[in-house]
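K.L.:
This is the structure, below, for whatever I ask next.
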Amino acid sequence: MSTTVIEAEETARTEISPSPESQRRRPSRRVVLLGSAALIWLLGFLFLHGTATLALPTSELTDLHRTLNHFNSWVASNRSDNPVFLYLLSPLRTGVDAVANAFMAIFAASPTGLRLPEIGWLGTVALLGWIAWAVGNARVALLTVAVFTFFGLQGLFVEAAYTFALVLTAVLLSLCVGIPLGVLAGISNRFEKAVTPVLDFMQILPSFVYLAPLALVFLIGPASAVIATVIYAAPPIIRLTAHGIRGIPENTREASDSLGTTALQRLFTLQIPMARRTIVMGINQGTMAALSMVTIAALIAAPGLGQVVVRALQSLDVGTAVNAGLSIVLMAITLDRVTTAASERAKPKTQRRQSNLPRRLRTILLVVGFAVVVVLVQLSRTVLWAAQFPKDVNFGPAIVSGVAEASGWIQTHFSLVTETFREGMTVSLLNPFQTFLTDTPFFILFAVLALAAYAFGGWKLTALVLACLAAIAYLGLWGDAMVTLASTLVATVIVMLLGVVFGVAMGRSKRLDNFLRPILDAGQTLPSFVYLVPFLGLFGATRFTAIVAGVIYAAPAAIKIMADGITGVSPTVVEAAVSSGSTPWQVITKVQLPMARKSLGLAANQGLIYVLAMVVVGALVGAGGLGYDVVGGFVQSSLFGKGLAAGLAIVFLGILLDRITQAAAFAAPARSPHTAKPTPNSVPNTKEA
């Protein structure tokens, strides 16, 4: 960029904007509103703290909670003769249960006799390895075989097989629901507008929230777990399928129409085949969501690895939790790699990586491999050692004892460091901020959040925020909601600090980006359950453990969004700033971060949603708040109503946080009321210059 262009831009900017003194004298309306909100909050806390806090003791219930308990009892007593259950919900549960039981009987354990599966461990490993090779490549096939064999060496093959069977059931049902709805959303604008808010709502909710109402309607067990997983995993499949259908170039569709094809022919011969890779990417996202949900569904008696982790967390058995958590991590990595390899093979031939094997040779090897699989499957059905993984080849107890010893050693030698850090953060940051929220009168927080919503989104957002706050207060869990909000906001601030630091570094260094991005991608594939395990050994069962786990869980998404935002800043603008004598710090703070403002807001939005999901799950290790109420509703029938109300409160809290941060991310830059708006001719066209 030439000096003349820079001078022209500076001249135009001077003509458009008032003087610095005028800007300081006349702040923007948004700044005034946010400043007023902060002042109201501070004054309200100083003069009215401890009053109108809507606190509810842990053992007490409201009339709404008792009403929900009565509703639970009514459902239990009318399940056998109510028409809705007889002709809709019970058949649905029976059908899903039959599919889930069939897959569990095939891979995990049959319900009769010696409870051996229809396909023993050897046949399962061979079959899954062959499928991974067929849809992906030899590398992911070897990974699949190695990982499922390692499950047996851990002594967790049956538990892993249960988890895999439930994931497989949920993914297949999600595809039956998600792909047709995604295709319909891709070809119909009206349907897309109708379904988008529903998908937004489903993806905002933490996975924890699905469990209580579904357990009420479908009872606890595999059927409820699969239905909850389908609801949680279907949205990404629907979205990416619709995106793939809509992403086909217009001229390609016009060429197809000119040949006289009908809408149905165009759909099956053009649109779906061309959107195949995007659809497979949706399957990848849905599969990872399904695994995450299936592990958490252990709280409603879903069998598998999640059950092992839940029991270990409840008994603070770090060794067992790590052993099972390692299995979940390996399964997540395997499923991710297989579906990613499948999406690579779904590319057009011209865009695929060249295979080392000729196509005909690969086909021959697959046929030979299938014959070997058939032999091994039959062997696993006839020989005990091939049907049930040998118990004398089991490294699981050694892993459990080794981790327990390592955890004890760390707690013995580093307890001073970890406890000092935990107590320092808790006393100096978390407790004061939580007190600031819980002791502020509820009507003050209503006013503060309403002003913030109006500053970013206007009256519509303000009305939505006030409705969510009123719903939380009506549910009788205002105090617990503020505890959850405090932990969420503290963790989100830390996430954003990490996101800005590492995101900027990755955006400015291609080498660092290439190094960190695979690690971040791997971090995003892991179920939220897993993050609690290592920090339980370091910090014990406290809310601080949940906050640290939430930070680690949410940081990859925020870092990647910030890195992409920094990378997206025009290199021409950066070069112009450098050539004008700006230091690297000035380039970052004056050019790149301001121009990546939307990415910053989006990172905060995603960070909040991820952290909220993790903090709620953190109730299993003493996080308290709404998550504790939800878990209590699972454990004690007398607290079911309170647990269900807590789930609804999490929904409203999630909507509130999501909408405010979305509005902040995409709000127009703040401008002084007396600043002249630029006209099309007031700024020179730098490209033409």
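Ordering of the structure tokens sets the chain letters (A, B, ...), residue numbers begin anew at 1 in every chain, and ligands are numbered from 1 in the order given.
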Could you list, with a cut-off of 9 Å and counting only C-alpha atoms, the residues of segment 547-644 of chain A near segment 517-524 of chain A, each shown with its nearest atom pair and the distance in Å rounded to one decimal, rows sorted by chain and ascending number, as CSV?

P.N.:
```
residue,atom,partner,partner_atom,distance
A:Ile552,CA,A:Gly523,CA,8.5
A:Tyr553,CA,A:Gly523,CA,7.4
A:Ala554,CA,A:Gln524,CA,8.3
A:Ala555,CA,A:Leu520,CA,8.5
A:Pro556,CA,A:Leu520,CA,5.0
A:Ala557,CA,A:Gln524,CA,7.3
A:Ile559,CA,A:Leu520,CA,8.3
A:Lys560,CA,A:Arg517,CA,7.5
```

K.L.:
Could you save the residues just selected, with all heavy atoms, as a PDB file, in the first residue's frame?

P.N.:
```
ATOM      1  N   ILE A 552     -10.340 -26.388  30.426  1.00  0.00           N
ATOM      2  CA  ILE A 552      -9.636 -27.252  29.476  1.00  0.00           C
ATOM      3  C   ILE A 552     -10.584 -27.757  28.393  1.00  0.00           C
ATOM      4  O   ILE A 552     -10.206 -27.920  27.228  1.00  0.00           O
ATOM      5  CB  ILE A 552      -8.983 -28.435  30.212  1.00  0.00           C
ATOM      6  CG1 ILE A 552      -8.037 -27.925  31.309  1.00  0.00           C
ATOM      7  CG2 ILE A 552      -8.229 -29.321  29.253  1.00  0.00           C
ATOM      8  CD1 ILE A 552      -6.926 -27.041  30.794  1.00  0.00           C
ATOM      9  N   TYR A 553     -11.838 -27.993  28.758  1.00  0.00           N
ATOM     10  CA  TYR A 553     -12.832 -28.482  27.796  1.00  0.00           C
ATOM     11  C   TYR A 553     -13.201 -27.421  26.766  1.00  0.00           C
ATOM     12  O   TYR A 553     -13.383 -27.723  25.580  1.00  0.00           O
ATOM     13  CB  TYR A 553     -14.072 -28.931  28.569  1.00  0.00           C
ATOM     14  CG  TYR A 553     -15.199 -29.473  27.718  1.00  0.00           C
ATOM     15  CD1 TYR A 553     -15.009 -30.574  26.903  1.00  0.00           C
ATOM     16  CD2 TYR A 553     -16.466 -28.896  27.764  1.00  0.00           C
ATOM     17  CE1 TYR A 553     -16.055 -31.092  26.143  1.00  0.00           C
ATOM     18  CE2 TYR A 553     -17.511 -29.394  27.017  1.00  0.00           C
ATOM     19  CZ  TYR A 553     -17.301 -30.492  26.200  1.00  0.00           C
ATOM     20  OH  TYR A 553     -18.340 -30.992  25.446  1.00  0.00           O
ATOM     21  N   ALA A 554     -13.301 -26.164  27.200  1.00  0.00           N
ATOM     22  CA  ALA A 554     -13.773 -25.101  26.311  1.00  0.00           C
ATOM     23  C   ALA A 554     -12.654 -24.393  25.562  1.00  0.00           C
ATOM     24  O   ALA A 554     -12.900 -23.779  24.522  1.00  0.00           O
ATOM     25  CB  ALA A 554     -14.573 -24.072  27.123  1.00  0.00           C
ATOM     26  N   ALA A 555     -11.423 -24.455  26.090  1.00  0.00           N
ATOM     27  CA  ALA A 555     -10.330 -23.679  25.494  1.00  0.00           C
ATOM     28  C   ALA A 555     -10.049 -24.027  24.036  1.00  0.00           C
ATOM     29  O   ALA A 555      -9.811 -23.116  23.229  1.00  0.00           O
ATOM     30  CB  ALA A 555      -9.063 -23.848  26.338  1.00  0.00           C
ATOM     31  N   PRO A 556     -10.054 -25.314  23.613  1.00  0.00           N
ATOM     32  CA  PRO A 556      -9.757 -25.590  22.200  1.00  0.00           C
ATOM     33  C   PRO A 556     -10.658 -24.869  21.222  1.00  0.00           C
ATOM     34  O   PRO A 556     -10.184 -24.337  20.210  1.00  0.00           O
ATOM     35  CB  PRO A 556      -9.924 -27.118  22.108  1.00  0.00           C
ATOM     36  CG  PRO A 556      -9.621 -27.614  23.475  1.00  0.00           C
ATOM     37  CD  PRO A 556     -10.159 -26.568  24.391  1.00  0.00           C
ATOM     38  N   ALA A 557     -11.956 -24.819  21.497  1.00  0.00           N
ATOM     39  CA  ALA A 557     -12.874 -24.140  20.579  1.00  0.00           C
ATOM     40  C   ALA A 557     -12.567 -22.649  20.510  1.00  0.00           C
ATOM     41  O   ALA A 557     -12.510 -22.056  19.419  1.00  0.00           O
ATOM     42  CB  ALA A 557     -14.319 -24.363  21.031  1.00  0.00           C
ATOM     43  N   ILE A 559      -9.743 -21.076  21.220  1.00  0.00           N
ATOM     44  CA  ILE A 559      -8.426 -20.829  20.608  1.00  0.00           C
ATOM     45  C   ILE A 559      -8.516 -20.939  19.090  1.00  0.00           C
ATOM     46  O   ILE A 559      -7.991 -20.104  18.351  1.00  0.00           O
ATOM     47  CB  ILE A 559      -7.388 -21.818  21.176  1.00  0.00           C
ATOM     48  CG1 ILE A 559      -7.120 -21.516  22.657  1.00  0.00           C
ATOM     49  CG2 ILE A 559      -6.077 -21.740  20.389  1.00  0.00           C
ATOM     50  CD1 ILE A 559      -6.262 -22.554  23.353  1.00  0.00           C
ATOM     51  N   LYS A 560      -9.195 -21.980  18.591  1.00  0.00           N
ATOM     52  CA  LYS A 560      -9.292 -22.169  17.146  1.00  0.00           C
ATOM     53  C   LYS A 560     -10.086 -21.043  16.485  1.00  0.00           C
ATOM     54  O   LYS A 560      -9.731 -20.574  15.399  1.00  0.00           O
ATOM     55  CB  LYS A 560      -9.929 -23.524  16.848  1.00  0.00           C
ATOM     56  CG  LYS A 560      -9.015 -24.702  17.147  1.00  0.00           C
ATOM     57  CD  LYS A 560      -9.749 -26.021  17.101  1.00  0.00           C
ATOM     58  CE  LYS A 560     -10.266 -26.339  15.729  1.00  0.00           C
ATOM     59  NZ  LYS A 560     -10.911 -27.675  15.683  1.00  0.00           N
TER      60      LYS A 560
END
```

K.L.:
Report the distance between atom CA of Ser256 of chain A and atom CA of Thr278 of chain A in Å, rounded to one decimal place.

P.N.:
20.6 Å

K.L.:
My list of candidates is A:Ala596, A:Ala170, A:Ala109, A:Val621. Which is closest to Ala234 of chain A when distances are computed with only C-alpha atoms?

P.N.:
A:Ala170

K.L.:
Please report as a Markdown table every residue of segment 53-94 of chain A lying within 6 Å of segment 639-643 of chain A, along with the nearest atom pair and their distance in Å (one decimal), using only C-alpha atoms.

P.N.:
```
| residue | atom | partner | partner_atom | distance |
| --- | --- | --- | --- | --- |
| A:His65 | CA | A:Gly641 | CA | 4.4 |
| A:Leu68 | CA | A:Gly641 | CA | 4.5 |
| A:Asn69 | CA | A:Gly641 | CA | 4.7 |
```

K.L.:
Looking at A:Arg246, A:Ala649, A:Gly476, A:Gly304, which one is nearest to Leu61 of chain A, with distances taken over only C-alpha atoms?

P.N.:
A:Gly476

K.L.:
What lies within 9 Å of segment 375-385 of chain A using only C-alpha atoms, ignoring chain neighbours under 4 positions off, as a ChimeraX atom specification?

P.N.:
/A:116-124,126-127,370-371,389-390

K.L.:
Show me, as a PyMOL selection string, the residues that have an atom within 9 Å of segment 74-87 of chain A when counting only C-alpha atoms, minus same-chain residues fewer than 4 positions from it.

P.N.:
chain A and resi 69-70+91-92+216-217

K.L.:
Within 8 Å of Tyr162 of chain A, counting only C-alpha atoms, which residues show up once you throw out same-chain ones fewer than 5 positions away? Write them as a list of chain:residue names, please.

P.N.:
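Counting only C-alpha atoms, the residues come to A:Met104, A:Phe107, A:Ala108, A:Pro303, A:Gly304, A:Leu305.
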
K.L.:
State, in Å with one decimal place, the distance from atom CA of Leu620 of chain A to atom CA of Thr525 of chain A.

P.N.:
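The value is 21.1 Å.
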